Number of protein chains: 2
Amino acid sequence: MKVAIVFGGVSFEHEISIVSAIAMKDVLSDELLYIFLDENRDFYHIPSKTIKSKLFSSQEYKKCDKINICKNGFSKKTGLLGKEKPLEFDVVLNLSHGGDGEDGILSSVLEFYNIPFIAPRTEACVVSSNKFLTKGYAHSVSVNTLDYKYYTKDDEVVVDTFPVIIKPVKLGSSIGVSIVKTQEELEYSLDVAYEFDDAIIIEPFISGVKEYNLAGTKINGEFKFSIIEEPQKTEFLDFDKKYLDFSRTSKALEVDLGEELNEKVKKSFERIYNNLFEGSIIRCDFFVVDNEVYLNEINSIPGSMANYLFDDFNLLFKNVAKTLPKKKHIPVTYEYVNKIHASKGK
Amino acid sequence: MKVAIVFGGVSFEHEISIVSAIAMKDVLSDELLYIFLDENRDFYHIPSKTIKSKLFSSQEYKKCDKINICKNGFSKKTGLLGKEKPLEFDVVLNLSHGGDGEDGILSSVLEFYNIPFIAPRTEACVVSSNKFLTKGYAHSVSVNTLDYKYYTKDDEVVVDTFPVIIKPVKLGSSIGVSIVKTQEELEYSLDVAYEFDDAIIIEPFISGVKEYNLAGTKINGEFKFSIIEEPQKTEFLDFDKKYLDFSRTSKALEVDLGEELNEKVKKSFERIYNNLFEGSIIRCDFFVVDNEVYLNEINSIPGSMANYLFDDFNLLFKNVAKTLPKKKHIPVTYEYVNKIHASKGK
């Protein structure tokens, strides 16, 4: 199988995506084709052998072949006449974290051009990339979340009990997130959050809360789970820490929460995944408070695909690629236009 | 102002979109450029003067100029050398009802290519085109909806009290919708609904429920509402009826629900619209039961833009075009890649 990794994109996590994409070289046994989406939304074919992060920061990637997205794939101009030649691959892995990759833009574009891809489809992207919508969705599928308040820029923010955690609704990797311990800190933290987004959510901050991560997917109707991991963390994961986290390739340690909690975590994952997230491998991050499981967030394109949580990531990946969801065929028949013309007699 | 109307698309409402687009000729005073998206996802430039529905049902549109979507717009090959020449317009009006147009695919593609457009952005499309997500979203923004149950294909469906209404989660214009009055009818209606979608919702069917429509938008932070209309309907609007409804250009009659209910309807609209739907003119359809307002559905791209509900649609349209939401600039700095290289000393 030949996998085209699409990475980069217009995103605050553009750099994370580069690191994550390069890490996949050590993870996937498949042949890889690297397709970089730059900040101008131009696509470049980056040779797999020589790919390294400096290529992008130095802008040297611009010397690589520029390619076009087109029906069923990507193409490259060749020869003197500039004839378009398709790039060969079997499936795209969308590894553009944040922005374009996770907010539904890139999934929609891939769908529009009928390109098979591993990643959440548009709906799942939207639900998981907007923390406010994630809360509403979790509620709809009967998964607990922490209490929250939702504000947009002109709303008055009143906090009764500190500490709280303020999050821009749309960013990942803790960008713009602050823990606010006093009224005095509130205004500054709001400014920081609103710098990144026009809407925020505010949740109670529970110090020392237990966090557990579970990744998984669904293949032929059957859930395939990773181990449950208790991520190491400081007060909360900041961008630098997460950045390094995205290049993880070594196996994580499994944590056993006991039969009941293990089951609750898996059940919550199933409810979230089913069936909006078909075609993707996601990681759900949960809190456990007083023996109850709460969804913290859905990582719809986890760093290096959370490979380190799975026993046999390569096998899983191949099986997901083989069982991607197919869109129902929508026939265009002109039945009604014809009917109207018939009745008008013209 | 020159308006490029994009219509058609891969959708069960493909034909409705054609009718709706042609109706805009009688509605908008702006210069129009018609861009047809066919079932193969090819774009065609259709001359405004000669556009008629038969052009599409006869496949004659294929004789029109095929055009390409590209950065900032659309382009057409000209001359012997096939040089790409941009089509000139100021704003796109996405009038592709259902499918591509309303499920977020087309909005994402327009966003990806940096083309200014009037229509909901991707998030708003997703929330309004999936009835299950609409329910969850309405709940999050404190807008009432009727009770419902959500099922996917393998779930056992148990209905205690008839009649109910069964709806595929993703289609508009009543496609695949049935009112089920007895247990005997249930299985057939489920088959019909599942033919169009893998997920459905089932609601109680309230015979003779009052339905009211309100369209609106937000311009420079201020809501602009249409009149409230009580749509004429048979038991529920079937596809044929809705089809004709999409070409409406004559003014509708205002209904007065009394100050309290009028306010409740408008307040519910504001909560739904704010701020996910910026950049679009939408119509919300409400039920009123026992003096309470319930959201029935969000028409994110209403037929002929619900022009018939507004006093001065042309002025409204111009003002929306002038105040489209801008995406926050996302700087790509390579700060972290550089930091890592510095610390590695290479």
# chains A, B, ... in the order shown; residues from 1 in each chain; ligands from 1
$ residues_around --residues "Tyr113 of chain A" --least-positions-apart "2" --cutoff "12 Å" --atoms "only C-alpha atoms" --output "PDB file with N, CA, C and O atoms, in the first residue's frame"
ATOM      1  N   ASN A  68      -0.879  19.791  -8.106  1.00  0.00           N
ATOM      2  CA  ASN A  68      -2.272  20.243  -8.079  1.00  0.00           C
ATOM      3  C   ASN A  68      -3.178  19.162  -7.526  1.00  0.00           C
ATOM      4  O   ASN A  68      -2.981  17.976  -7.792  1.00  0.00           O
ATOM      5  N   ILE A  69      -4.183  19.602  -6.781  1.00  0.00           N
ATOM      6  CA  ILE A  69      -5.203  18.645  -6.376  1.00  0.00           C
ATOM      7  C   ILE A  69      -6.210  18.578  -7.519  1.00  0.00           C
ATOM      8  O   ILE A  69      -6.504  19.593  -8.173  1.00  0.00           O
ATOM      9  N   CYS A  70      -6.668  17.384  -7.820  1.00  0.00           N
ATOM     10  CA  CYS A  70      -7.579  17.212  -8.954  1.00  0.00           C
ATOM     11  C   CYS A  70      -8.468  16.007  -8.686  1.00  0.00           C
ATOM     12  O   CYS A  70      -8.312  15.338  -7.666  1.00  0.00           O
ATOM     13  N   LYS A  71      -9.385  15.731  -9.573  1.00  0.00           N
ATOM     14  CA  LYS A  71     -10.285  14.599  -9.364  1.00  0.00           C
ATOM     15  C   LYS A  71      -9.503  13.320  -9.102  1.00  0.00           C
ATOM     16  O   LYS A  71      -8.576  12.997  -9.852  1.00  0.00           O
ATOM     17  N   ASN A  72      -9.830  12.619  -8.068  1.00  0.00           N
ATOM     18  CA  ASN A  72      -9.227  11.345  -7.684  1.00  0.00           C
ATOM     19  C   ASN A  72      -7.788  11.419  -7.185  1.00  0.00           C
ATOM     20  O   ASN A  72      -7.177  10.382  -6.935  1.00  0.00           O
ATOM     21  N   GLY A  73      -7.200  12.596  -7.086  1.00  0.00           N
ATOM     22  CA  GLY A  73      -5.840  12.632  -6.554  1.00  0.00           C
ATOM     23  C   GLY A  73      -5.101  13.934  -6.734  1.00  0.00           C
ATOM     24  O   GLY A  73      -5.674  15.021  -6.653  1.00  0.00           O
ATOM     25  N   PHE A  74      -3.810  13.789  -6.965  1.00  0.00           N
ATOM     26  CA  PHE A  74      -2.947  14.945  -7.185  1.00  0.00           C
ATOM     27  C   PHE A  74      -2.201  14.727  -8.492  1.00  0.00           C
ATOM     28  O   PHE A  74      -1.949  13.592  -8.878  1.00  0.00           O
ATOM     29  N   LEU A 106     -10.147  20.473   4.938  1.00  0.00           N
ATOM     30  CA  LEU A 106      -9.371  19.543   4.121  1.00  0.00           C
ATOM     31  C   LEU A 106     -10.166  18.259   3.833  1.00  0.00           C
ATOM     32  O   LEU A 106     -10.131  17.739   2.709  1.00  0.00           O
ATOM     33  N   SER A 107     -10.900  17.782   4.814  1.00  0.00           N
ATOM     34  CA  SER A 107     -11.732  16.586   4.580  1.00  0.00           C
ATOM     35  C   SER A 107     -12.752  16.860   3.482  1.00  0.00           C
ATOM     36  O   SER A 107     -12.992  16.013   2.625  1.00  0.00           O
ATOM     37  N   SER A 108     -13.339  18.052   3.509  1.00  0.00           N
ATOM     38  CA  SER A 108     -14.313  18.409   2.472  1.00  0.00           C
ATOM     39  C   SER A 108     -13.659  18.464   1.101  1.00  0.00           C
ATOM     40  O   SER A 108     -14.233  18.008   0.113  1.00  0.00           O
ATOM     41  N   VAL A 109     -12.474  19.048   1.055  1.00  0.00           N
ATOM     42  CA  VAL A 109     -11.776  19.178  -0.227  1.00  0.00           C
ATOM     43  C   VAL A 109     -11.428  17.782  -0.767  1.00  0.00           C
ATOM     44  O   VAL A 109     -11.629  17.488  -1.950  1.00  0.00           O
ATOM     45  N   LEU A 110     -10.958  16.900   0.102  1.00  0.00           N
ATOM     46  CA  LEU A 110     -10.628  15.533  -0.327  1.00  0.00           C
ATOM     47  C   LEU A 110     -11.893  14.813  -0.805  1.00  0.00           C
ATOM     48  O   LEU A 110     -11.884  14.109  -1.816  1.00  0.00           O
ATOM     49  N   GLU A 111     -12.961  15.012  -0.080  1.00  0.00           N
ATOM     50  CA  GLU A 111     -14.257  14.422  -0.458  1.00  0.00           C
ATOM     51  C   GLU A 111     -14.736  14.970  -1.809  1.00  0.00           C
ATOM     52  O   GLU A 111     -15.194  14.224  -2.665  1.00  0.00           O
ATOM     53  N   ILE A 115     -11.148  11.731  -3.310  1.00  0.00           N
ATOM     54  CA  ILE A 115      -9.856  11.137  -2.947  1.00  0.00           C
ATOM     55  C   ILE A 115     -10.049  10.337  -1.653  1.00  0.00           C
ATOM     56  O   ILE A 115     -10.527  10.882  -0.667  1.00  0.00           O
ATOM     57  N   PRO A 116      -9.713   9.035  -1.659  1.00  0.00           N
ATOM     58  CA  PRO A 116      -9.907   8.247  -0.433  1.00  0.00           C
ATOM     59  C   PRO A 116      -8.953   8.706   0.668  1.00  0.00           C
ATOM     60  O   PRO A 116      -7.768   8.905   0.407  1.00  0.00           O
ATOM     61  N   PHE A 117      -9.463   8.896   1.869  1.00  0.00           N
ATOM     62  CA  PHE A 117      -8.576   9.390   2.935  1.00  0.00           C
ATOM     63  C   PHE A 117      -8.930   8.820   4.300  1.00  0.00           C
ATOM     64  O   PHE A 117     -10.082   8.513   4.589  1.00  0.00           O
TER      65      PHE A 117
ATOM     66  N   VAL B  10     -23.763  17.643  -6.094  1.00  0.00           N
ATOM     67  CA  VAL B  10     -24.152  16.261  -5.841  1.00  0.00           C
ATOM     68  C   VAL B  10     -25.116  16.273  -4.662  1.00  0.00           C
ATOM     69  O   VAL B  10     -24.725  16.419  -3.512  1.00  0.00           O
ATOM     70  N   ASN B  40     -20.907  15.269 -11.799  1.00  0.00           N
ATOM     71  CA  ASN B  40     -19.525  14.779 -11.817  1.00  0.00           C
ATOM     72  C   ASN B  40     -18.563  15.742 -11.137  1.00  0.00           C
ATOM     73  O   ASN B  40     -17.360  15.595 -11.223  1.00  0.00           O
ATOM     74  N   ARG B  41     -19.139  16.755 -10.499  1.00  0.00           N
ATOM     75  CA  ARG B  41     -18.361  17.816  -9.850  1.00  0.00           C
ATOM     76  C   ARG B  41     -17.473  18.582 -10.831  1.00  0.00           C
ATOM     77  O   ARG B  41     -16.363  18.988 -10.520  1.00  0.00           O
ATOM     78  N   ASP B  42     -18.021  18.788 -12.024  1.00  0.00           N
ATOM     79  CA  ASP B  42     -17.399  19.714 -12.968  1.00  0.00           C
ATOM     80  C   ASP B  42     -18.185  21.018 -12.933  1.00  0.00           C
ATOM     81  O   ASP B  42     -19.411  21.006 -12.781  1.00  0.00           O
ATOM     82  N   ILE B  69     -12.186  25.728 -10.693  1.00  0.00           N
ATOM     83  CA  ILE B  69     -12.101  26.489  -9.453  1.00  0.00           C
ATOM     84  C   ILE B  69     -10.622  26.643  -9.136  1.00  0.00           C
ATOM     85  O   ILE B  69      -9.818  25.731  -9.377  1.00  0.00           O
ATOM     86  N   ASP B 100     -23.815  18.749  -1.399  1.00  0.00           N
ATOM     87  CA  ASP B 100     -22.604  19.577  -1.412  1.00  0.00           C
ATOM     88  C   ASP B 100     -22.787  20.968  -0.830  1.00  0.00           C
ATOM     89  O   ASP B 100     -21.935  21.475  -0.124  1.00  0.00           O
ATOM     90  N   ILE B 105     -19.439  20.753   2.361  1.00  0.00           N
ATOM     91  CA  ILE B 105     -18.414  20.433   1.353  1.00  0.00           C
ATOM     92  C   ILE B 105     -18.105  21.686   0.508  1.00  0.00           C
ATOM     93  O   ILE B 105     -16.957  22.106   0.398  1.00  0.00           O
ATOM     94  N   LEU B 106     -19.138  22.276  -0.051  1.00  0.00           N
ATOM     95  CA  LEU B 106     -18.908  23.408  -0.948  1.00  0.00           C
ATOM     96  C   LEU B 106     -18.394  24.639  -0.187  1.00  0.00           C
ATOM     97  O   LEU B 106     -17.502  25.344  -0.673  1.00  0.00           O
ATOM     98  N   VAL B 109     -14.775  24.110   0.308  1.00  0.00           N
ATOM     99  CA  VAL B 109     -14.012  24.268  -0.929  1.00  0.00           C
ATOM    100  C   VAL B 109     -13.857  25.765  -1.248  1.00  0.00           C
ATOM    101  O   VAL B 109     -12.770  26.228  -1.602  1.00  0.00           O
TER     102      VAL B 109
END
$ select_by_dssp --residues "segment 23-268 of chain B" --states "strand (DSSP E or B)" --output "ChimeraX atom specification"
/B:31-37,43-46,65-70,73-78,83-86,91-94,117-118,145,149-152,164-168,178-180,199-204,210-219,222-229
$ residues_around --residues "Ile179 of chain B" --least-positions-apart "2" --cutoff "10 Å" --atoms "only C-alpha atoms" --output "ChimeraX atom specification"
/B:162-167,177,181-182,185-186,189,202-205,235-236
$ select_by_dssp --residues "segment 157-330 of chain A" --states "helix (DSSP H, G or I)" --output "PyMOL selection string"
chain A and resi 183-196+239-245+259-273+303-309+313-322
$ closest_atom_pairs --of "chain B" --to "chain A" --cutoff "6 Å" --atoms "only C-alpha atoms" --output "Markdown table"
| residue | atom | partner | partner_atom | distance |
| --- | --- | --- | --- | --- |
| B:Ser57 | CA | A:Tyr334 | CA | 5.3 |
| B:Ile105 | CA | A:Ser108 | CA | 4.7 |
| B:Ser108 | CA | A:Ile105 | CA | 4.7 |
| B:Val109 | CA | A:Val109 | CA | 5.6 |
| B:Glu123 | CA | A:Val126 | CA | 5.7 |
| B:Val126 | CA | A:Glu123 | CA | 5.7 |
| B:Gly136 | CA | A:Gly136 | CA | 5.2 |
| B:Tyr137 | CA | A:Gly136 | CA | 5.9 |
| B:Ser140 | CA | A:Gly136 | CA | 5.5 |
| B:Tyr334 | CA | A:Ser57 | CA | 5.3 |
$ write_last_selection --atoms "all heavy atoms" --output "PDB file, in the first residue's frame"
ATOM      1  N   SER B  57     -31.589  19.254 -17.765  1.00  0.00           N
ATOM      2  CA  SER B  57     -32.184  17.924 -17.916  1.00  0.00           C
ATOM      3  C   SER B  57     -31.806  17.324 -19.273  1.00  0.00           C
ATOM      4  O   SER B  57     -31.684  16.116 -19.410  1.00  0.00           O
ATOM      5  CB  SER B  57     -33.701  17.989 -17.753  1.00  0.00           C
ATOM      6  OG  SER B  57     -34.256  18.946 -18.626  1.00  0.00           O
ATOM      7  N   ILE B 105     -19.439  20.753   2.361  1.00  0.00           N
ATOM      8  CA  ILE B 105     -18.414  20.433   1.353  1.00  0.00           C
ATOM      9  C   ILE B 105     -18.105  21.686   0.508  1.00  0.00           C
ATOM     10  O   ILE B 105     -16.957  22.106   0.398  1.00  0.00           O
ATOM     11  CB  ILE B 105     -18.883  19.278   0.424  1.00  0.00           C
ATOM     12  CG1 ILE B 105     -19.145  18.004   1.222  1.00  0.00           C
ATOM     13  CG2 ILE B 105     -17.875  19.048  -0.707  1.00  0.00           C
ATOM     14  CD1 ILE B 105     -17.943  17.214   1.612  1.00  0.00           C
ATOM     15  N   SER B 108     -16.539  24.585   2.410  1.00  0.00           N
ATOM     16  CA  SER B 108     -15.125  24.314   2.684  1.00  0.00           C
ATOM     17  C   SER B 108     -14.269  24.554   1.454  1.00  0.00           C
ATOM     18  O   SER B 108     -13.172  25.117   1.546  1.00  0.00           O
ATOM     19  CB  SER B 108     -14.929  22.861   3.122  1.00  0.00           C
ATOM     20  OG  SER B 108     -15.578  22.598   4.333  1.00  0.00           O
ATOM     21  N   VAL B 109     -14.775  24.110   0.308  1.00  0.00           N
ATOM     22  CA  VAL B 109     -14.012  24.268  -0.929  1.00  0.00           C
ATOM     23  C   VAL B 109     -13.857  25.765  -1.248  1.00  0.00           C
ATOM     24  O   VAL B 109     -12.770  26.228  -1.602  1.00  0.00           O
ATOM     25  CB  VAL B 109     -14.686  23.494  -2.088  1.00  0.00           C
ATOM     26  CG1 VAL B 109     -14.064  23.851  -3.435  1.00  0.00           C
ATOM     27  CG2 VAL B 109     -14.584  21.988  -1.844  1.00  0.00           C
ATOM     28  N   GLU B 123     -18.897  24.957   9.638  1.00  0.00           N
ATOM     29  CA  GLU B 123     -19.474  24.523  10.922  1.00  0.00           C
ATOM     30  C   GLU B 123     -20.997  24.661  10.923  1.00  0.00           C
ATOM     31  O   GLU B 123     -21.714  23.776  11.373  1.00  0.00           O
ATOM     32  CB  GLU B 123     -18.933  25.377  12.065  1.00  0.00           C
ATOM     33  CG  GLU B 123     -17.504  25.055  12.427  1.00  0.00           C
ATOM     34  CD  GLU B 123     -17.057  25.841  13.653  1.00  0.00           C
ATOM     35  OE1 GLU B 123     -17.552  26.971  13.865  1.00  0.00           O
ATOM     36  OE2 GLU B 123     -16.211  25.319  14.384  1.00  0.00           O
ATOM     37  N   VAL B 126     -22.713  22.028   8.807  1.00  0.00           N
ATOM     38  CA  VAL B 126     -22.762  20.703   9.428  1.00  0.00           C
ATOM     39  C   VAL B 126     -23.859  20.650  10.479  1.00  0.00           C
ATOM     40  O   VAL B 126     -24.642  19.701  10.548  1.00  0.00           O
ATOM     41  CB  VAL B 126     -21.382  20.346  10.033  1.00  0.00           C
ATOM     42  CG1 VAL B 126     -21.488  19.206  11.029  1.00  0.00           C
ATOM     43  CG2 VAL B 126     -20.409  19.992   8.916  1.00  0.00           C
ATOM     44  N   GLY B 136     -28.854  18.679  19.030  1.00  0.00           N
ATOM     45  CA  GLY B 136     -27.832  18.879  20.058  1.00  0.00           C
ATOM     46  C   GLY B 136     -27.411  20.333  20.140  1.00  0.00           C
ATOM     47  O   GLY B 136     -27.244  20.901  21.228  1.00  0.00           O
ATOM     48  N   TYR B 137     -27.265  20.961  18.989  1.00  0.00           N
ATOM     49  CA  TYR B 137     -26.869  22.370  18.945  1.00  0.00           C
ATOM     50  C   TYR B 137     -27.960  23.251  19.548  1.00  0.00           C
ATOM     51  O   TYR B 137     -27.674  24.143  20.360  1.00  0.00           O
ATOM     52  CB  TYR B 137     -26.583  22.783  17.499  1.00  0.00           C
ATOM     53  CG  TYR B 137     -26.273  24.253  17.336  1.00  0.00           C
ATOM     54  CD1 TYR B 137     -25.116  24.797  17.874  1.00  0.00           C
ATOM     55  CD2 TYR B 137     -27.138  25.094  16.644  1.00  0.00           C
ATOM     56  CE1 TYR B 137     -24.836  26.151  17.735  1.00  0.00           C
ATOM     57  CE2 TYR B 137     -26.866  26.441  16.495  1.00  0.00           C
ATOM     58  CZ  TYR B 137     -25.709  26.964  17.043  1.00  0.00           C
ATOM     59  OH  TYR B 137     -25.433  28.306  16.907  1.00  0.00           O
ATOM     60  N   SER B 140     -27.776  23.126  23.158  1.00  0.00           N
ATOM     61  CA  SER B 140     -26.623  23.890  23.678  1.00  0.00           C
ATOM     62  C   SER B 140     -26.900  25.382  23.744  1.00  0.00           C
ATOM     63  O   SER B 140     -26.372  26.080  24.600  1.00  0.00           O
ATOM     64  CB  SER B 140     -25.395  23.688  22.788  1.00  0.00           C
ATOM     65  OG  SER B 140     -25.010  22.350  22.760  1.00  0.00           O
ATOM     66  N   TYR B 334       7.239  28.944  12.185  1.00  0.00           N
ATOM     67  CA  TYR B 334       8.308  27.949  12.370  1.00  0.00           C
ATOM     68  C   TYR B 334       9.162  28.224  13.597  1.00  0.00           C
ATOM     69  O   TYR B 334      10.329  27.868  13.655  1.00  0.00           O
ATOM     70  CB  TYR B 334       9.169  27.841  11.101  1.00  0.00           C
ATOM     71  CG  TYR B 334       8.369  27.343   9.925  1.00  0.00           C
ATOM     72  CD1 TYR B 334       7.966  28.196   8.908  1.00  0.00           C
ATOM     73  CD2 TYR B 334       7.976  26.009   9.857  1.00  0.00           C
ATOM     74  CE1 TYR B 334       7.193  27.740   7.850  1.00  0.00           C
ATOM     75  CE2 TYR B 334       7.206  25.550   8.802  1.00  0.00           C
ATOM     76  CZ  TYR B 334       6.828  26.410   7.805  1.00  0.00           C
ATOM     77  OH  TYR B 334       6.079  25.956   6.775  1.00  0.00           O
TER      78      TYR B 334
END
$ closest_residue --among "B:Lys2, B:Lys83, B:Lys66, B:Lys210" --to "Val289 of chain B" --atoms "only C-alpha atoms"
B:Lys210
$ closest_residue --among "B:Pro47, B:Gly216, B:Gly176, B:Gly79" --to "Ile272 of chain B" --atoms "only C-alpha atoms"
B:Gly216
$ atom_distance --atom1 "atom CA of Ile301 of chain B" --atom2 "atom CA of Gly98 of chain B"
8.2 Å
$ closest_residue --among "A:Phe287, A:Lys326, A:Asn307, A:Ile67" --to "Lys25 of chain A" --atoms "only C-alpha atoms"
A:Asn307
$ residues_around --residues "segment 255-259 of chain A" --least-positions-apart "6" --cutoff "7 Å" --atoms "only C-alpha atoms" --output "list in words"
Ile228, Glu229 and Glu230 of chain A
$ write_last_selection --atoms "N, CA and C atoms" --output "tab-separated table (two decimals), in the first residue's frame"
chain	number	residue	atom	x	y	z
A	228	ILE	N	-5.31	1.93	27.32
A	228	ILE	CA	-5.63	3.19	27.99
A	228	ILE	C	-4.33	3.70	28.62
A	229	GLU	N	-4.03	4.95	28.37
A	229	GLU	CA	-2.80	5.53	28.92
A	229	GLU	C	-3.13	6.67	29.86
A	230	GLU	N	-2.34	6.78	30.92
A	230	GLU	CA	-2.43	7.97	31.76
A	230	GLU	C	-1.29	8.88	31.33
$ atom_distance --atom1 "atom CA of Glu292 of chain B" --atom2 "atom CA of Ser142 of chain B"
12.9 Å
$ decode --residues "segment 88-106 of chain B" --atoms "N, CA, C and O atoms" --output "short mmCIF file (atom, residue, chain, number, x, y, z; two decimals), in the first residue's frame"
data_model
loop_
_atom_site.label_atom_id
_atom_site.label_comp_id
_atom_site.auth_asym_id
_atom_site.auth_seq_id
_atom_site.Cartn_x
_atom_site.Cartn_y
_atom_site.Cartn_z
N GLU B 88 -14.79 37.22 -13.73
CA GLU B 88 -14.90 38.35 -12.81
C GLU B 88 -16.23 38.37 -12.06
O GLU B 88 -17.29 38.26 -12.67
N PHE B 89 -16.13 38.49 -10.76
CA PHE B 89 -17.33 38.64 -9.92
C PHE B 89 -16.90 39.16 -8.55
O PHE B 89 -15.70 39.14 -8.22
N ASP B 90 -17.87 39.61 -7.77
CA ASP B 90 -17.54 40.16 -6.45
C ASP B 90 -17.76 39.16 -5.33
O ASP B 90 -17.02 39.12 -4.36
N VAL B 91 -18.81 38.37 -5.47
CA VAL B 91 -19.13 37.44 -4.38
C VAL B 91 -19.87 36.25 -4.96
O VAL B 91 -20.59 36.36 -5.96
N VAL B 92 -19.66 35.08 -4.34
CA VAL B 92 -20.42 33.89 -4.72
C VAL B 92 -21.67 33.81 -3.83
O VAL B 92 -21.60 34.08 -2.63
N LEU B 93 -22.79 33.47 -4.45
CA LEU B 93 -23.95 33.06 -3.67
C LEU B 93 -24.07 31.55 -3.85
O LEU B 93 -24.27 31.06 -4.97
N ASN B 94 -23.86 30.81 -2.76
CA ASN B 94 -23.99 29.35 -2.82
C ASN B 94 -25.46 29.00 -2.75
O ASN B 94 -26.10 29.16 -1.72
N LEU B 95 -26.00 28.56 -3.87
CA LEU B 95 -27.43 28.19 -3.94
C LEU B 95 -27.60 26.71 -4.24
O LEU B 95 -28.60 26.29 -4.80
N SER B 96 -26.58 25.93 -3.86
CA SER B 96 -26.68 24.49 -4.05
C SER B 96 -27.39 23.90 -2.83
O SER B 96 -26.78 23.68 -1.78
N HIS B 97 -28.69 23.67 -2.96
CA HIS B 97 -29.47 23.16 -1.83
C HIS B 97 -29.15 21.70 -1.55
O HIS B 97 -28.93 20.93 -2.46
N GLY B 98 -29.15 21.35 -0.28
CA GLY B 98 -28.87 19.96 0.10
C GLY B 98 -27.44 19.58 -0.25
O GLY B 98 -26.65 20.42 -0.68
N GLY B 99 -27.12 18.32 -0.11
CA GLY B 99 -25.81 17.75 -0.50
C GLY B 99 -24.64 18.71 -0.35
O GLY B 99 -24.51 19.38 0.68
N ASP B 100 -23.82 18.75 -1.40
CA ASP B 100 -22.60 19.58 -1.41
C ASP B 100 -22.79 20.97 -0.83
O ASP B 100 -21.94 21.47 -0.12
N GLY B 101 -23.90 21.59 -1.19
CA GLY B 101 -24.09 22.99 -0.83
C GLY B 101 -24.32 23.20 0.64
O GLY B 101 -23.79 24.12 1.24
N GLU B 102 -25.12 22.33 1.24
CA GLU B 102 -25.52 22.57 2.63
C GLU B 102 -24.79 21.70 3.65
O GLU B 102 -24.86 21.96 4.84
N ASP B 103 -24.06 20.67 3.19
CA ASP B 103 -23.42 19.79 4.18
C ASP B 103 -22.00 20.24 4.53
O ASP B 103 -21.32 19.57 5.30
N GLY B 104 -21.57 21.36 3.98
CA GLY B 104 -20.26 21.89 4.35
C GLY B 104 -19.18 21.66 3.31
O GLY B 104 -18.12 22.29 3.35
N ILE B 105 -19.44 20.75 2.36
CA ILE B 105 -18.41 20.43 1.35
C ILE B 105 -18.10 21.69 0.51
O ILE B 105 -16.96 22.11 0.40
N LEU B 106 -19.14 22.28 -0.05
CA LEU B 106 -18.91 23.41 -0.95
C LEU B 106 -18.39 24.64 -0.19
O LEU B 106 -17.50 25.34 -0.67
#
